[in-house]
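Student: Would you mind keeping the following structure in view while I ask a few things?
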Amino acid sequence: MRVLMAMDPTGWEVPGGHKRQLQKTAEALSQLGVDVRTEPLSEEGLAWADVLHSFGLPSEAIRAARQQQCIVAVSTIYWGASYSTSPPWAAAARSAATTLRFAAHECVRRGRALTGRPVGPLFPDEAYSTALAFEAADVLLPNASGEAAAIARELKVTTPARLVPNAVDPSIFDESTTPGPKDRRGVLCVGRIEPHKNQLALIRALKQTDLELTIVGPPHPHHREYFDTCVLEGGNRVTFVPETSERDLPGLFHRHRVHALPSLFETTGLASLEAALGGCTLVSTDRGHAREYLGGHASYCSPWSSSSIRRAILEAHDALPSSELQQTIRTRFTWSVAGRRTLAAYQGAADESSARR
């Protein structure tokens, strides 16, 4: 099986979990004997591939691939119709507007179907473009059951979905050298610095505490002003580490007591899984699907409330790391598991496509 893993050009420009997911899944598939390329989409690549694995490609590219008899799988990374960088009331309004647009489109679609007229893109906004891309694929690969349910409920997409978990590489963590809670101090936040990750709210939430904060990650290339504001607000109370490597992460996790990710949305947050293996206690946003992975082994906060973020961090600071969660991650949320699930999804989609033909 030859697999081309391709991303929308803007995705390659921005560091983050989406690129890590692509690269680590490709490595896991290669270890299973799959011939994988990770490169921008091209006619030559489509002619070579049996499977196109899309990360954010538009519907036109997906339809072109299927016309060339490629099986198309899509890693959905869907944040939902209500996602917004504005306060909750604005998010609710956006979600309601999206629901109304899709309801109107469905009425028109059914009416045109009766007359044989084609259905055009009545609402060519981001949500509708996403729905077209997902509907054009052979199989969707969401990272959480809640994500799959939201796609079906909000976008009315009928493409089959196969759950593939977000994952970590446990081999970079040596359990025998993990220090205990007494040898750790302060709060760590690993992630690209941008409004979505909400580091500014985290900085402000800790101003009324004596906890040290370390923020690890590069500034988002489109949000330099946000990074500058974070540095200004943090002053000498916050340490910024813009550059780090995968092999340096265990040491960072080992030195800190709490890992906090108060993002506006997280399917899981790869850093949360890594931090748990590194022996940190966890704070996660209550927006998204992190509970599917972390369950009751994390403290959850509202990303819009400084008091909620502070309460969750103080709660996590007094807690002990969960050995049960660590064991769950090592058995269920690894890249080898994700690779096997992904390959099974490819094979299932290929079998269904062959049966249809």
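By convention in this document, the chains of the structure tokens carry letters A, B, ... by their order, each chain's residues are numbered from 1, and ligands are numbered from 1 in the order they are shown.
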Residues within 6 Å of A:His53, please, as a PyMOL selection string. Count only C-alpha atoms; anything in the same chain fewer than 2 positions from it doesn't count.
Tutor: chain A and resi 5+72-74
Student: Would you mind listing what lies within 10 Å of A:Ser299 as a PDB file with C-alpha atoms, in the first residue's frame, with only C-alpha atoms counted and same-chain residues fewer than 3 positions away left out?
Tutor:
```
ATOM      1  CA  ALA A 260      -1.587  23.493  32.420  1.00  0.00           C
ATOM      2  CA  THR A 281      -0.428  16.585  37.455  1.00  0.00           C
ATOM      3  CA  LEU A 282      -2.710  18.055  34.802  1.00  0.00           C
ATOM      4  CA  VAL A 283      -4.928  21.067  34.206  1.00  0.00           C
ATOM      5  CA  SER A 284      -6.949  20.988  31.009  1.00  0.00           C
ATOM      6  CA  THR A 285      -9.627  23.086  29.379  1.00  0.00           C
ATOM      7  CA  ASP A 286     -13.234  22.014  29.755  1.00  0.00           C
ATOM      8  CA  ARG A 291     -12.129  14.107  29.268  1.00  0.00           C
ATOM      9  CA  LEU A 294      -7.825  12.139  30.835  1.00  0.00           C
ATOM     10  CA  GLY A 295     -11.068  11.215  32.618  1.00  0.00           C
ATOM     11  CA  GLY A 296     -11.001  12.063  36.310  1.00  0.00           C
ATOM     12  CA  ILE A 309      -7.915  28.516  35.812  1.00  0.00           C
ATOM     13  CA  ARG A 311      -8.596  27.112  41.120  1.00  0.00           C
ATOM     14  CA  ALA A 312      -7.771  24.189  38.812  1.00  0.00           C
ATOM     15  CA  ILE A 313      -4.025  24.847  39.058  1.00  0.00           C
ATOM     16  CA  LEU A 314      -4.070  25.043  42.853  1.00  0.00           C
ATOM     17  CA  GLU A 315      -6.114  21.829  42.947  1.00  0.00           C
ATOM     18  CA  ALA A 316      -3.637  20.074  40.653  1.00  0.00           C
ATOM     19  CA  HIS A 317      -0.714  21.423  42.684  1.00  0.00           C
ATOM     20  CA  ALA A 319      -2.752  16.371  43.873  1.00  0.00           C
TER      21      ALA A 319
END
```
Student: Give me, as a VMD selection string, all polymer residues having an atom no more than 7 Å from stretch 18-32 of chain A, counting only C-alpha atoms and skipping those fewer than 5 positions away in the same chain.
Tutor: chain A and resid 335 to 336 338 to 339
Student: In Å to one decimal, how far is atom CA of A:Ser84 from atom CA of A:Tyr293?
Tutor: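 So the answer is 22.8 Å.
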Student: Near A:Lys156, within 9 Å and counting only C-alpha atoms, which residues show up once chain neighbours fewer than 3 positions away are dropped, as a PyMOL selection string?
Tutor: chain A and resi 102+131+135+151-153
Student: Go ahead and write the residues just picked, C-alpha atoms, as a PDB file, in the first residue's frame.
Tutor:
```pdb
ATOM      1  CA  PHE A 102     -27.175  24.119   7.377  1.00  0.00           C
ATOM      2  CA  ALA A 131     -18.521  19.715   5.320  1.00  0.00           C
ATOM      3  CA  GLU A 135     -18.429  14.315   2.656  1.00  0.00           C
ATOM      4  CA  ILE A 151     -19.237  16.197  12.669  1.00  0.00           C
ATOM      5  CA  ALA A 152     -22.360  14.122  12.068  1.00  0.00           C
ATOM      6  CA  ARG A 153     -24.615  16.416  14.121  1.00  0.00           C
TER       7      ARG A 153
END
```
Student: Separation of atom CA of A:Tyr128 and atom CA of A:Tyr78, in Å?
Tutor: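 Computed distance, atom CA of A:Tyr128 to atom CA of A:Tyr78, equals 12.7 Å.
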Student: Provide the atom CA of A:Glu266 to atom CA of A:Ile77 distance in Å, to one decimal place.
Tutor: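 For atom CA of A:Glu266 relative to atom CA of A:Ile77, the distance reads 9.7 Å.
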Student: Could you write out, as a PyMOL selection string, all the residues of stretch 114-211 of chain A that DSSP marks as strand (DSSP E or B)?
Tutor: chain A and resi 139-140+161+168+187-190+193
Student: Can you work out which one of A:Val34, A:Ala137, A:Ala344, A:Leu57 has the shortest atom-to-atom distance to A:Ile71, counting only C-alpha atoms?
Tutor: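 Of the candidates, the smallest distance to A:Ile71 is held by A:Ala137.
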Student: I'd like the neighbourhood of stretch 163-172 of chain A as a JSON list (two decimals) with N, CA and C atoms, in the first residue's frame, where a residue qualifies if any of its atoms comes within 7 Å (using only C-alpha atoms), though same-chain residues fewer than 4 positions away should be ignored.
Tutor:
```json
[["chain", "number", "residue", "atom", "x", "y", "z"],
["A", 141, "LEU", "N", -11.15, 10.18, 10.07],
["A", 141, "LEU", "CA", -10.36, 9.67, 11.18],
["A", 141, "LEU", "C", -10.33, 10.68, 12.34],
["A", 142, "PRO", "N", -11.45, 10.84, 13.04],
["A", 142, "PRO", "CA", -11.47, 11.74, 14.20],
["A", 142, "PRO", "C", -10.65, 11.15, 15.33],
["A", 143, "ASN", "N", -10.23, 12.02, 16.26],
["A", 143, "ASN", "CA", -9.43, 11.58, 17.40],
["A", 143, "ASN", "C", -10.25, 11.35, 18.66],
["A", 144, "ALA", "N", -11.56, 11.61, 18.61],
["A", 144, "ALA", "CA", -12.42, 11.41, 19.78],
["A", 144, "ALA", "C", -13.83, 11.08, 19.30],
["A", 145, "SER", "N", -14.55, 10.31, 20.10],
["A", 145, "SER", "CA", -15.92, 9.96, 19.73],
["A", 145, "SER", "C", -16.79, 11.21, 19.73],
["A", 247, "ARG", "N", 13.49, 15.39, 22.60],
["A", 247, "ARG", "CA", 14.26, 14.70, 23.64],
["A", 247, "ARG", "C", 14.47, 15.56, 24.89],
["A", 270, "LEU", "N", -1.71, 16.97, 22.93],
["A", 270, "LEU", "CA", -0.63, 15.98, 22.99],
["A", 270, "LEU", "C", 0.27, 16.25, 24.19],
["A", 273, "LEU", "N", -0.83, 14.54, 27.42],
["A", 273, "LEU", "CA", -0.48, 13.12, 27.50],
["A", 273, "LEU", "C", 1.00, 12.95, 27.85],
["A", 274, "GLU", "N", 1.86, 13.75, 27.21],
["A", 274, "GLU", "CA", 3.29, 13.66, 27.49],
["A", 274, "GLU", "C", 3.59, 14.10, 28.92],
["A", 330, "ARG", "N", 0.14, 4.44, 28.12],
["A", 330, "ARG", "CA", 1.13, 3.50, 27.57],
["A", 330, "ARG", "C", 0.50, 2.35, 26.81],
["A", 333, "PHE", "N", -2.81, 4.97, 24.08],
["A", 333, "PHE", "CA", -2.59, 6.23, 23.37],
["A", 333, "PHE", "C", -1.14, 6.37, 22.93],
["A", 334, "THR", "N", -0.69, 5.42, 22.12],
["A", 334, "THR", "CA", 0.67, 5.45, 21.57],
["A", 334, "THR", "C", 0.58, 5.55, 20.05],
["A", 335, "TRP", "N", 1.69, 5.98, 19.44],
["A", 335, "TRP", "CA", 1.70, 6.12, 17.99],
["A", 335, "TRP", "C", 1.59, 4.76, 17.30],
["A", 338, "ALA", "N", -2.06, 4.15, 17.15],
["A", 338, "ALA", "CA", -2.63, 5.04, 16.13],
["A", 338, "ALA", "C", -2.30, 4.55, 14.73],
["A", 341, "ARG", "N", -4.54, 1.50, 13.92],
["A", 341, "ARG", "CA", -5.93, 1.93, 13.69],
["A", 341, "ARG", "C", -6.05, 2.62, 12.32],
["A", 342, "THR", "N", -5.05, 3.44, 11.98],
["A", 342, "THR", "CA", -5.09, 4.15, 10.70],
["A", 342, "THR", "C", -5.02, 3.18, 9.54]]
```
Student: When distances are computed from only C-alpha atoms, which of A:Ser75, A:Gln68, A:Ser308, A:Thr328 shows the smallest separation from A:Leu206?
Tutor: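 Checking each of A:Ser75, A:Gln68, A:Ser308, A:Thr328 against A:Leu206, counting only C-alpha atoms, the winner is A:Ser308.
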Student: Which of these residues is nearest to A:Tyr346, using only C-alpha atoms: A:Thr76, A:Asp138, A:His256, A:Arg224?
Tutor: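 Using only C-alpha atoms, the shortest distance to A:Tyr346 belongs to A:Asp138.
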Student: Show which residues sit within 12 Å of A:Ile215, as a ChimeraX atom specification. Count only C-alpha atoms, and ignore same-chain residues fewer than 3 positions away.
Tutor: /A:186-194,197-200,202-203,212,218-219,227,230-231,234,237-244,252-253,256,259-261
Student: Only C-alpha atoms, please: the residues just picked out, written as a CSV table (one decimal), in the first residue's frame.
Tutor:
```csv
chain,number,residue,atom,x,y,z
A,186,GLY,CA,6.0,25.4,39.5
A,187,VAL,CA,3.7,25.3,36.5
A,188,LEU,CA,4.6,24.3,32.9
A,189,CYS,CA,2.6,25.1,29.7
A,190,VAL,CA,3.8,23.4,26.5
A,191,GLY,CA,2.3,24.6,23.2
A,192,ARG,CA,2.4,27.1,20.4
A,193,ILE,CA,1.9,30.6,21.8
A,194,GLU,CA,-1.3,32.0,20.3
A,197,LYS,CA,-3.8,28.2,23.5
A,198,ASN,CA,-4.7,31.0,25.9
A,199,GLN,CA,-1.3,31.5,27.6
A,200,LEU,CA,-2.2,35.2,28.4
A,202,LEU,CA,-2.8,31.6,32.3
A,203,ILE,CA,-0.3,34.3,33.1
A,212,GLU,CA,6.5,30.0,39.0
A,218,PRO,CA,7.3,29.0,19.5
A,219,PRO,CA,5.2,32.0,18.8
A,227,PHE,CA,3.4,36.7,22.1
A,230,CYS,CA,2.4,37.6,27.0
A,231,VAL,CA,6.1,38.6,27.5
A,234,GLY,CA,4.7,37.9,32.4
A,237,ARG,CA,7.7,36.0,36.8
A,238,VAL,CA,7.4,33.9,33.7
A,239,THR,CA,10.1,32.0,31.8
A,240,PHE,CA,9.7,31.6,28.0
A,241,VAL,CA,11.4,28.7,26.2
A,242,PRO,CA,10.7,29.3,22.5
A,243,GLU,CA,12.9,26.5,21.1
A,244,THR,CA,13.1,22.9,22.4
A,252,LEU,CA,11.1,19.9,31.4
A,253,PHE,CA,8.2,17.8,32.6
A,256,HIS,CA,7.6,20.9,37.1
A,259,HIS,CA,1.2,21.1,33.4
A,260,ALA,CA,-1.6,23.5,32.4
A,261,LEU,CA,-3.3,23.7,29.1
```
